[in-house]
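What follows is the content of entry_19.cif, which has mmCIF, C-alpha atoms:
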data_work
loop_
_atom_site.label_atom_id
_atom_site.label_comp_id
_atom_site.auth_asym_id
_atom_site.auth_seq_id
_atom_site.Cartn_x
_atom_site.Cartn_y
_atom_site.Cartn_z
CA MET W 489 101.93 -72.64 -16.83
CA GLN W 490 102.82 -76.36 -16.93
CA VAL W 491 104.96 -75.83 -20.04
CA GLU W 492 106.97 -73.07 -18.30
CA GLU W 493 107.42 -75.22 -15.18
CA ALA W 494 108.56 -78.20 -17.23
CA SER W 495 111.04 -76.10 -19.17
CA SER W 496 112.49 -74.57 -16.01
CA ARG W 497 113.34 -77.94 -14.45
CA PRO W 498 115.71 -79.10 -17.20
CA ARG W 499 117.38 -75.70 -17.03
CA SER W 500 117.94 -76.10 -13.28
CA SER W 501 119.14 -79.70 -13.69
CA ALA W 502 121.49 -78.71 -16.49
CA TYR W 503 123.03 -76.01 -14.31
CA LEU W 504 123.55 -78.39 -11.40
CA HIS W 505 124.97 -81.01 -13.76
CA ALA W 506 127.44 -78.42 -15.04
CA LEU W 507 128.43 -77.55 -11.47
CA SER W 508 129.04 -81.24 -10.79
CA LYS W 509 131.25 -81.52 -13.86
CA GLU W 510 133.28 -78.50 -12.74
CA ILE W 511 133.77 -80.04 -9.28
CA GLU W 512 134.79 -83.33 -10.90
CA LYS W 513 137.29 -81.49 -13.10
CA ARG W 514 138.89 -79.70 -10.17
CA LEU W 515 139.11 -82.87 -8.11
CA GLN W 516 140.82 -84.54 -11.05
CA GLN W 517 143.32 -81.67 -11.16
CA ALA W 518 144.01 -82.11 -7.44
CA LEU W 519 144.54 -85.83 -7.97
CA THR W 520 147.10 -85.32 -10.73
CA SER W 521 148.95 -82.38 -9.13
CA SER W 522 150.60 -83.55 -5.92
CA SER W 523 152.39 -80.25 -5.28
CA GLN W 524 149.22 -78.13 -5.53
CA ARG W 525 146.82 -80.73 -4.17
CA ARG W 526 146.13 -79.11 -0.80
CA ASN W 527 145.63 -75.63 -2.27
CA LEU W 528 143.31 -76.93 -4.99
CA LEU W 529 141.16 -78.80 -2.49
CA GLN W 530 141.06 -75.80 -0.16
CA GLU W 531 139.95 -73.53 -3.00
CA LEU W 532 137.30 -76.02 -4.08
CA PHE W 533 135.99 -76.29 -0.53
CA ALA W 534 135.76 -72.50 -0.27
CA ASP W 535 133.96 -72.22 -3.62
CA ILE W 536 131.27 -74.81 -2.93
CA ALA W 537 130.65 -73.22 0.48
CA LEU W 538 129.93 -69.85 -1.17
CA GLU W 539 126.45 -68.39 -1.08
CA VAL W 540 124.51 -68.67 -4.32
CA ASP W 541 124.43 -65.36 -6.20
CA GLY W 542 121.29 -63.81 -7.64
CA ARG W 543 121.77 -65.02 -11.21
CA ALA W 544 122.43 -68.61 -10.20
CA LYS W 545 119.56 -68.55 -7.72
CA ASP W 546 117.11 -67.61 -10.47
CA ILE W 547 118.23 -70.66 -12.43
CA ILE W 548 118.29 -73.09 -9.51
CA LEU W 549 115.12 -72.07 -7.70
CA SER W 550 112.38 -73.20 -10.01
CA GLY W 551 109.25 -75.33 -9.85
CA GLU W 552 108.85 -77.52 -6.78
CA GLU W 553 112.52 -77.07 -5.86
CA ASP W 554 111.76 -73.39 -5.29
CA VAL W 555 109.60 -74.21 -2.28
CA ILE W 556 112.20 -76.54 -0.77
CA PHE W 557 115.15 -74.22 -1.16
CA HIS W 558 113.27 -71.07 -0.13
CA ALA W 559 112.31 -72.78 3.13
CA GLU W 560 115.94 -73.66 3.81
CA TYR W 561 117.03 -70.17 2.79
CA SER W 562 114.64 -68.52 5.23
CA VAL W 563 115.80 -70.73 8.13
CA ASN W 564 119.55 -70.48 7.68
CA GLY W 565 119.77 -66.99 6.24
CA GLY W 566 121.68 -68.02 3.12
CA LEU W 567 121.61 -70.64 0.40
CA CYS W 568 125.01 -72.03 -0.55
CA PHE W 569 126.07 -74.09 -3.55
CA CYS W 570 126.77 -77.07 -1.28
CA ASP W 571 123.16 -76.93 0.01
CA VAL W 572 121.79 -77.14 -3.50
CA LEU W 573 124.21 -79.84 -4.61
CA ALA W 574 123.62 -81.97 -1.50
CA ASP W 575 119.91 -82.16 -2.33
CA TYR W 576 120.67 -82.70 -6.01
CA TYR W 577 122.83 -85.76 -5.25
CA VAL W 578 119.98 -87.22 -3.20
CA ARG W 579 117.54 -86.78 -6.09
CA VAL W 580 120.03 -87.85 -8.78
CA PRO W 581 122.56 -90.15 -7.04
CA ASP W 582 124.39 -91.04 -10.26
CA SER W 583 125.46 -87.42 -10.73
CA GLY W 584 127.57 -87.53 -7.58
CA LYS W 585 129.20 -90.90 -8.15
CA PRO W 586 132.22 -89.63 -10.18
CA ILE W 587 132.85 -86.97 -7.53
CA LEU W 588 132.57 -89.54 -4.75
CA ASP W 589 135.06 -91.84 -6.49
CA LEU W 590 137.58 -89.01 -6.75
CA ILE W 591 137.10 -88.02 -3.10
CA VAL W 592 137.79 -91.62 -2.07
CA LYS W 593 141.09 -91.49 -3.97
CA LEU W 594 141.93 -88.25 -2.12
CA TRP W 595 140.73 -89.63 1.23
CA SER W 596 143.91 -88.88 3.17
CA GLN W 597 144.24 -85.31 1.90
CA SER W 598 143.26 -82.18 3.80
CA PHE W 599 139.81 -80.83 2.92
CA ALA W 600 138.69 -84.06 1.24
CA SER W 601 136.53 -84.96 4.25
CA HIS W 602 135.32 -81.33 4.41
CA ILE W 603 134.03 -81.57 0.84
CA PHE W 604 132.46 -84.97 1.50
CA ALA W 605 130.60 -83.60 4.54
CA LEU W 606 129.30 -80.64 2.53
CA LEU W 607 128.10 -82.58 -0.50
CA PHE W 608 127.16 -86.06 0.69
CA HIS W 609 125.89 -85.71 4.26
CA LYS W 610 122.30 -86.30 3.07
CA TRP W 611 123.18 -88.80 0.35
CA LEU W 612 124.75 -91.14 2.90
CA PHE W 613 121.44 -91.60 4.73
CA GLU W 614 119.18 -91.73 1.68
CA VAL W 615 120.90 -94.28 -0.58
CA GLN W 616 121.24 -98.00 0.09
CA LEU W 617 124.82 -99.18 0.67
CA ASP W 618 125.22 -102.92 1.17
CA ASN W 619 128.98 -103.04 1.76
CA ALA W 620 129.57 -102.63 5.52
CA ASP W 621 133.21 -101.57 5.09
CA ILE W 622 132.34 -98.82 2.62
CA LEU W 623 129.50 -97.64 4.86
CA LEU W 624 131.85 -97.42 7.85
CA ARG W 625 134.41 -95.55 5.76
CA TYR W 626 131.85 -93.01 4.54
CA SER W 627 130.35 -92.59 8.00
CA SER W 628 133.76 -91.98 9.56
CA ALA W 629 134.58 -89.47 6.83
CA LEU W 630 131.31 -87.66 7.48
CA VAL W 631 131.98 -87.34 11.21
CA HIS W 632 135.57 -86.24 10.58
CA GLY W 633 134.58 -83.71 7.92
CA ALA W 634 131.66 -82.36 9.97
CA THR W 635 133.98 -81.89 12.94
CA ASN W 636 136.34 -79.83 10.80
CA ILE W 637 133.68 -77.57 9.28
CA PHE W 638 132.03 -77.01 12.67
CA TRP W 639 135.39 -75.92 14.04
CA ILE W 640 135.66 -73.45 11.17
CA ASP W 641 132.41 -71.92 12.42
CA ILE W 642 133.75 -71.78 15.97
CA GLN W 643 137.04 -70.16 15.00
CA SER W 644 135.22 -67.46 13.03
CA ASN W 645 132.25 -67.26 15.44
CA THR W 646 129.80 -67.76 12.58
CA ARG W 647 127.17 -70.39 11.82
CA ARG W 648 127.57 -70.90 8.10
CA PHE W 649 127.34 -74.68 8.45
CA GLN W 650 124.44 -74.76 10.87
CA SER W 651 122.24 -76.48 8.29
CA ARG W 652 124.66 -79.45 8.39
CA PHE W 653 124.43 -79.64 12.15
CA GLN W 654 120.64 -79.31 12.14
CA TYR W 655 120.33 -82.11 9.60
CA LEU W 656 122.60 -84.44 11.58
CA LEU W 657 120.72 -83.66 14.77
CA ASP W 658 117.09 -83.44 13.63
CA GLU W 659 117.06 -85.83 10.69
CA VAL W 660 119.63 -88.39 11.82
CA ALA W 661 120.33 -88.44 15.57
CA LEU W 662 116.66 -87.92 16.48
CA GLU W 663 115.40 -90.25 13.74
CA PRO W 664 116.23 -93.88 14.67
CA THR W 665 115.46 -95.19 11.17
CA ARG W 666 118.17 -93.04 9.62
CA LEU W 667 120.56 -93.36 12.54
CA LYS W 668 120.55 -97.15 12.31
CA LYS W 669 121.66 -97.00 8.68
CA ILE W 670 125.23 -96.35 9.79
CA PRO W 671 127.38 -98.74 11.88
CA VAL W 672 127.17 -98.60 15.67
CA GLN W 673 130.67 -97.15 16.00
CA ALA W 674 129.71 -94.31 13.64
CA GLN W 675 126.55 -93.74 15.69
CA ARG W 676 128.69 -93.32 18.81
CA ASP W 677 131.09 -90.95 17.04
CA LEU W 678 128.15 -88.91 15.77
CA TYR W 679 126.69 -88.67 19.28
CA LEU W 680 130.02 -87.42 20.64
CA LEU W 681 130.29 -84.90 17.79
CA LEU W 682 126.81 -83.48 18.35
CA SER W 683 127.42 -83.35 22.11
CA ARG W 684 130.34 -81.00 21.56
CA PHE W 685 128.49 -78.58 19.30
CA ILE W 686 124.84 -78.71 20.39
CA PHE W 687 125.40 -75.71 22.70
CA PHE W 688 127.13 -73.69 19.99
CA TYR W 689 124.34 -74.17 17.44
CA ASN W 690 121.56 -73.13 19.86
CA SER W 691 119.82 -76.51 20.01
CA VAL W 692 119.70 -77.05 23.77
CA GLU W 693 115.89 -77.23 23.70
CA LYS W 694 116.32 -80.64 22.02
CA LEU W 695 118.74 -81.89 24.65
CA GLU W 696 116.26 -84.19 26.38
CA SER W 697 115.28 -85.92 23.14
CA PHE W 698 118.92 -86.12 22.11
CA LEU W 699 119.93 -87.87 25.34
CA LYS W 700 117.18 -90.45 24.86
CA GLN W 701 118.62 -91.43 21.47
CA CYS W 702 122.13 -92.06 22.78
CA PRO W 703 123.59 -95.28 21.31
CA ALA W 704 125.02 -97.97 23.58
CA PHE W 705 128.66 -97.40 24.57
CA PRO W 706 130.84 -100.38 25.56
CA ASN W 707 132.39 -98.39 28.45
CA ALA W 708 129.06 -97.08 29.76
CA ILE W 709 129.62 -98.87 33.09
CA LEU W 710 132.74 -96.78 33.65
CA VAL W 711 131.63 -93.52 32.02
CA GLY W 712 127.98 -93.35 33.04
CA GLU W 713 124.65 -92.39 31.54
CA PRO W 714 124.12 -90.44 28.26
CA ALA W 715 124.15 -87.17 30.22
CA ASP W 716 127.57 -88.05 31.66
CA ILE W 717 128.95 -88.74 28.19
CA LEU W 718 127.60 -85.42 26.91
CA VAL W 719 129.04 -83.44 29.85
CA ILE W 720 132.45 -85.10 29.49
CA GLU W 721 132.55 -84.07 25.82
CA LEU W 722 131.35 -80.59 26.74
CA ALA W 723 134.06 -80.13 29.37
CA ASP W 724 136.74 -81.22 26.90
CA GLN W 725 135.31 -78.83 24.31
CA LEU W 726 135.40 -75.89 26.72
CA GLN W 727 139.07 -76.54 27.43
CA LYS W 728 139.86 -76.36 23.71
CA LEU W 729 137.96 -73.16 22.95
CA LYS W 730 140.02 -69.97 22.52
CA VAL W 731 137.46 -67.58 21.01
CA GLU W 732 136.00 -65.46 23.81
CA PRO W 733 132.54 -64.77 22.29
CA VAL W 734 132.12 -68.51 21.66
CA LEU W 735 133.15 -69.35 25.22
CA LEU W 736 130.69 -66.78 26.58
CA HIS W 737 127.97 -68.32 24.43
CA TYR W 738 128.76 -71.82 25.71
CA LEU W 739 128.69 -70.61 29.33
CA SER W 740 125.33 -68.93 28.80
CA GLN W 741 123.88 -72.08 27.25
CA ILE W 742 125.40 -74.50 29.73
CA LYS W 743 122.92 -73.44 32.42
CA VAL W 744 120.39 -75.80 30.82
CA LEU W 745 122.24 -78.62 32.60
CA GLN W 746 120.81 -77.47 35.92
CA GLY W 747 118.96 -80.36 37.57
CA ILE W 748 120.45 -83.12 35.37
CA GLU W 749 121.78 -86.02 37.43
CA LEU W 750 125.46 -86.75 36.88
CA ARG W 751 128.00 -89.11 38.36
CA MET W 752 130.28 -87.64 41.00
CA THR W 753 133.31 -87.96 38.71
CA THR W 754 131.51 -86.21 35.84
CA SER W 755 130.21 -83.48 38.12
CA THR W 756 133.72 -82.90 39.50
CA ARG W 757 135.11 -82.78 35.98
CA LEU W 758 132.66 -80.08 34.89
CA LYS W 759 133.15 -78.15 38.11
CA THR W 760 136.94 -78.19 37.67
CA CYS W 761 136.57 -77.07 34.06
CA LEU W 762 134.37 -74.12 35.00
CA TYR W 763 136.58 -73.20 37.94
CA SER W 764 139.60 -72.93 35.63
CA PHE W 765 137.89 -69.94 33.97
CA THR W 766 137.28 -68.06 37.22
CA SER W 767 140.86 -67.02 38.02
CA PRO W 768 143.04 -64.58 36.09
CA GLY W 769 146.31 -65.75 34.65
CA GLY W 770 147.33 -69.10 33.23
CA PRO W 771 146.61 -71.53 31.82
CA MET W 772 143.33 -70.09 30.45
CA TYR W 773 143.99 -66.32 30.89
CA PRO W 774 140.25 -65.53 30.93
CA THR W 775 138.98 -61.98 30.58
CA ARG W 776 136.86 -60.32 33.26
CA ALA W 777 133.64 -61.01 31.33
CA LEU W 778 134.60 -64.65 30.94
CA ARG W 779 135.44 -65.01 34.63
CA HIS W 780 132.08 -63.60 35.67
CA ALA W 781 130.23 -65.83 33.19
CA ALA W 782 132.07 -68.87 34.56
CA TRP W 783 131.20 -67.87 38.14
CA ASP W 784 127.53 -67.46 37.20
CA ALA W 785 127.43 -70.90 35.56
CA LEU W 786 129.33 -72.48 38.45
CA ASP W 787 127.08 -70.97 41.12
CA LEU W 788 123.93 -71.98 39.26
CA LEU W 789 124.94 -75.57 38.52
CA PHE W 790 126.70 -76.19 41.84
CA PRO W 791 125.10 -73.97 44.50
CA VAL W 792 126.47 -76.09 47.36
CA GLY W 793 129.79 -74.63 48.48
CA ARG W 794 129.22 -71.38 46.62
CA TYR W 795 130.53 -69.04 49.34
CA PRO W 796 133.60 -71.10 50.30
CA ARG W 797 134.55 -71.17 46.61
CA HIS W 798 134.41 -67.39 46.41
CA LEU W 799 136.47 -67.01 49.59
CA ILE W 800 139.12 -69.41 48.29
CA SER W 801 139.18 -67.55 44.98
CA LEU W 802 139.59 -64.24 46.80
CA PHE W 803 142.50 -65.67 48.75
CA PHE W 804 144.26 -66.87 45.61
CA ARG W 805 143.77 -63.45 43.99
CA LEU W 806 146.39 -62.23 46.48
CA PHE W 807 148.96 -64.10 44.35
CA TYR W 808 148.22 -61.73 41.42
CA PRO W 809 149.09 -58.25 42.77
CA TRP W 810 149.13 -56.77 39.28
CA TYR W 811 145.35 -57.34 39.15
CA TRP W 812 144.63 -55.55 42.45
CA THR W 813 144.27 -52.10 40.93
CA SER W 814 141.81 -53.18 38.24
CA SER W 815 139.89 -55.33 40.72
CA CYS W 816 139.50 -52.43 43.15
CA TRP W 817 138.47 -50.10 40.37
CA ASN W 818 135.87 -52.53 39.02
CA PHE W 819 134.56 -53.07 42.55
CA ILE W 820 134.12 -49.32 43.06
CA VAL W 821 132.40 -48.97 39.67
CA SER W 822 130.04 -51.84 40.51
CA CYS W 823 129.15 -50.26 43.86
CA VAL W 824 128.50 -46.88 42.25
CA LYS W 825 126.27 -48.47 39.62
CA ALA W 826 124.38 -50.40 42.29
CA VAL W 827 123.80 -47.23 44.34
CA PHE W 828 122.76 -45.27 41.25
CA TYR W 829 120.46 -47.86 39.68
CA SER W 830 118.74 -49.07 42.87
CA PRO W 831 116.66 -45.87 43.33
CA LEU W 832 115.84 -45.85 39.60
CA ARG W 833 114.61 -49.45 39.72
CA LEU W 834 112.49 -48.58 42.78
CA ILE W 835 111.01 -45.53 41.03
CA PHE W 836 110.12 -47.49 37.88
CA TYR W 837 108.67 -50.29 40.02
CA ARG W 838 106.43 -47.81 41.87
CA LEU W 839 105.38 -46.16 38.58
CA GLY W 840 104.46 -49.57 37.18
CA LYS W 841 102.33 -50.31 40.23
CA LEU W 842 100.57 -46.96 39.91
CA ARG W 843 99.74 -47.60 36.25
CA GLU W 844 98.36 -51.05 37.09
CA SER W 845 96.14 -49.58 39.78
#
Let me see whether you can do it: turn the structure in this file into structure tokens.
Amino acid sequence: MQVEEASSRPRSSAYLHALSKEIEKRLQQALTSSSQRRNLLQELFADIALEVDGRAKDIILSGEEDVIFHAEYSVNGGLCFCDVLADYYVRVPDSGKPILDLIVKLWSQSFASHIFALLFHKWLFEVQLDNADILLRYSSALVHGATNIFWIDIQSNTRRFQSRFQYLLDEVALEPTRLKKIPVQAQRDLYLLLSRFIFFYNSVEKLESFLKQCPAFPNAILVGEPADILVIELADQLQKLKVEPVLLHYLSQIKVLQGIELRMTTSTRLKTCLYSFTSPGGPMYPTRALRHAAWDALDLLFPVGRYPRHLISLFFRLFYPWYWTSSCWNFIVSCVKAVFYSPLRLIFYRLGKLRES
């Protein structure tokens, strides 16, 4: 048994070493070919983000590594090459050094920071870097690359890179020992990044702990508490989102902010942002489902002035006569559904009481 386990480890390491050499080769090609550089980096990024196929998985998942990767596979629903390589570069840092050197030379190119965030997001917090300038450069590249790959998830309404977000949140932002390894400016940038995506990646249950780990901001006197900083980033994020299912998800998750104390300016900013999704037409052009979700979030977070807001909104709807027909039709349908379902709910309620008795 021990002989088989020992023989499987070199096989796994050899495969990962070969993958590293292939990545190094393709980065070298991108460095020497200025005309095809962007396409080569984009193709490399897509390839390392692919899910590991069955044959490769049999080679990679062996011995003690099998337990580690199977746990990650079960949580995130898929094991990608970048997941495997990121852990490999933590265990064998020298294997990633040639790749890192090439990425540094391609720093200003598109997808270079994407690749860095995929492969070295764990390495950055596990190795010891004494040069403060290099550490700041790597930390900034990580935040920039993570921002880009998280936006890829938002645009496609998928969560392929959720493991990256969970690591940055659980193992870095909520772990002061790791967080303090990067410069203070990078800590602030990371906090802002996680604030924008924590609702998308279904991590709102960790919001209280996350707010407690907020780094010190030099403009905190003007901006406010950690909750104010988070809400400001959230409001800006909502204004940038164009994918309706993602917006609906944000608005359903945003209700967790109920009861959190905010500055008047921050509260007004969030209220204005939500209100912009409640009216048809420009600049947001929200759908009916989005308008109703925004109203629900607005009424829950800001119950004071709820009815005047609805009256004002109804008045301004008069400026959109082309929506009158659909509004009347939807109102009639809602009334019919209410009349139809009310007796049914009463019947089922009475039946439930009879069964309990």
Given the PyMOL selection byres ((chain W and resi 766) around 9) and the file above, list the residues it selects as a PDB file with C-alpha atoms, keeping the file's coordinate frame.
ATOM      1  CA  LEU W 762     134.370 -74.120  35.000  1.00  0.00           C
ATOM      2  CA  TYR W 763     136.580 -73.200  37.940  1.00  0.00           C
ATOM      3  CA  SER W 764     139.600 -72.930  35.630  1.00  0.00           C
ATOM      4  CA  PHE W 765     137.890 -69.940  33.970  1.00  0.00           C
ATOM      5  CA  SER W 767     140.860 -67.020  38.020  1.00  0.00           C
ATOM      6  CA  PRO W 768     143.040 -64.580  36.090  1.00  0.00           C
ATOM      7  CA  PRO W 774     140.250 -65.530  30.930  1.00  0.00           C
ATOM      8  CA  ARG W 776     136.860 -60.320  33.260  1.00  0.00           C
ATOM      9  CA  LEU W 778     134.600 -64.650  30.940  1.00  0.00           C
ATOM     10  CA  ARG W 779     135.440 -65.010  34.630  1.00  0.00           C
ATOM     11  CA  HIS W 780     132.080 -63.600  35.670  1.00  0.00           C
ATOM     12  CA  ALA W 781     130.230 -65.830  33.190  1.00  0.00           C
ATOM     13  CA  ALA W 782     132.070 -68.870  34.560  1.00  0.00           C
ATOM     14  CA  TRP W 783     131.200 -67.870  38.140  1.00  0.00           C
ATOM     15  CA  SER W 801     139.180 -67.550  44.980  1.00  0.00           C
TER      16      SER W 801
END
Checklist entry - If I put a ball of radius 12 Å at (121.9, -70.2, 28.6) in the file's coordinates, which residues poke into it when counting only C-alpha atoms, written as a list in words? => result Phe687, Phe688, Asn690, Ser691, Val692, Glu693, Leu735, Leu736, His737, Tyr738, Leu739, Ser740, Gln741, Ile742, Lys743, Val744, Leu745, Gln746, Ala781, Ala782, Asp784, Ala785, Leu788 and Leu789 of chain W
Next on the checklist: List the spatial neighbours of segment 496-512 of chain W as a ChimeraX atom specification - criterion: any atom at most 12 Å away, only C-alpha atoms, same-chain residues fewer than 4 positions off excluded.
Outcome noted: /W:489-492,516-519,528-529,531-536,543-554,569-577,579-591,603-604,607
What does the file look like for those residues with C-alpha atoms, as a CSV table (one decimal), in the coordinates of the input?
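Writing the result to result_20.csv gives the following:
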chain,number,residue,atom,x,y,z
W,489,MET,CA,101.9,-72.6,-16.8
W,490,GLN,CA,102.8,-76.4,-16.9
W,491,VAL,CA,105.0,-75.8,-20.0
W,492,GLU,CA,107.0,-73.1,-18.3
W,516,GLN,CA,140.8,-84.5,-11.0
W,517,GLN,CA,143.3,-81.7,-11.2
W,518,ALA,CA,144.0,-82.1,-7.4
W,519,LEU,CA,144.5,-85.8,-8.0
W,528,LEU,CA,143.3,-76.9,-5.0
W,529,LEU,CA,141.2,-78.8,-2.5
W,531,GLU,CA,140.0,-73.5,-3.0
W,532,LEU,CA,137.3,-76.0,-4.1
W,533,PHE,CA,136.0,-76.3,-0.5
W,534,ALA,CA,135.8,-72.5,-0.3
W,535,ASP,CA,134.0,-72.2,-3.6
W,536,ILE,CA,131.3,-74.8,-2.9
W,543,ARG,CA,121.8,-65.0,-11.2
W,544,ALA,CA,122.4,-68.6,-10.2
W,545,LYS,CA,119.6,-68.6,-7.7
W,546,ASP,CA,117.1,-67.6,-10.5
W,547,ILE,CA,118.2,-70.7,-12.4
W,548,ILE,CA,118.3,-73.1,-9.5
W,549,LEU,CA,115.1,-72.1,-7.7
W,550,SER,CA,112.4,-73.2,-10.0
W,551,GLY,CA,109.2,-75.3,-9.8
W,552,GLU,CA,108.8,-77.5,-6.8
W,553,GLU,CA,112.5,-77.1,-5.9
W,554,ASP,CA,111.8,-73.4,-5.3
W,569,PHE,CA,126.1,-74.1,-3.6
W,570,CYS,CA,126.8,-77.1,-1.3
W,571,ASP,CA,123.2,-76.9,0.0
W,572,VAL,CA,121.8,-77.1,-3.5
W,573,LEU,CA,124.2,-79.8,-4.6
W,574,ALA,CA,123.6,-82.0,-1.5
W,575,ASP,CA,119.9,-82.2,-2.3
W,576,TYR,CA,120.7,-82.7,-6.0
W,577,TYR,CA,122.8,-85.8,-5.2
W,579,ARG,CA,117.5,-86.8,-6.1
W,580,VAL,CA,120.0,-87.8,-8.8
W,581,PRO,CA,122.6,-90.2,-7.0
W,582,ASP,CA,124.4,-91.0,-10.3
W,583,SER,CA,125.5,-87.4,-10.7
W,584,GLY,CA,127.6,-87.5,-7.6
W,585,LYS,CA,129.2,-90.9,-8.2
W,586,PRO,CA,132.2,-89.6,-10.2
W,587,ILE,CA,132.8,-87.0,-7.5
W,588,LEU,CA,132.6,-89.5,-4.8
W,589,ASP,CA,135.1,-91.8,-6.5
W,590,LEU,CA,137.6,-89.0,-6.8
W,591,ILE,CA,137.1,-88.0,-3.1
W,603,ILE,CA,134.0,-81.6,0.8
W,604,PHE,CA,132.5,-85.0,1.5
W,607,LEU,CA,128.1,-82.6,-0.5
Checklist entry - What does the distance between atom CA of Pro671 of chain W and atom CA of Lys610 of chain W come to in Å, to one decimal place? => result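 Going from atom CA of Pro671 of chain W over to atom CA of Lys610 of chain W, I get 16.1 Å.
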Checklist entry - For this file, the PyMOL selection byres ((chain W and resi 672-682) around 8) selects which residues, as a list in words? => result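 Selection result, ordered by chain and number: Leu624, Ser627, Ser628, Val631, Thr635, Phe653, Leu657, Ala661, Leu667, Lys668, Ile670, Pro671, Ser683, Arg684, Phe685, Ile686, Cys702, Pro703, Ala704, Phe705, Ile717, Leu718 and Glu721 of chain W.
We find atom CA of Asp621 of chain W and atom CA of Gln650 of chain W to be spaced 28.8 Å apart.
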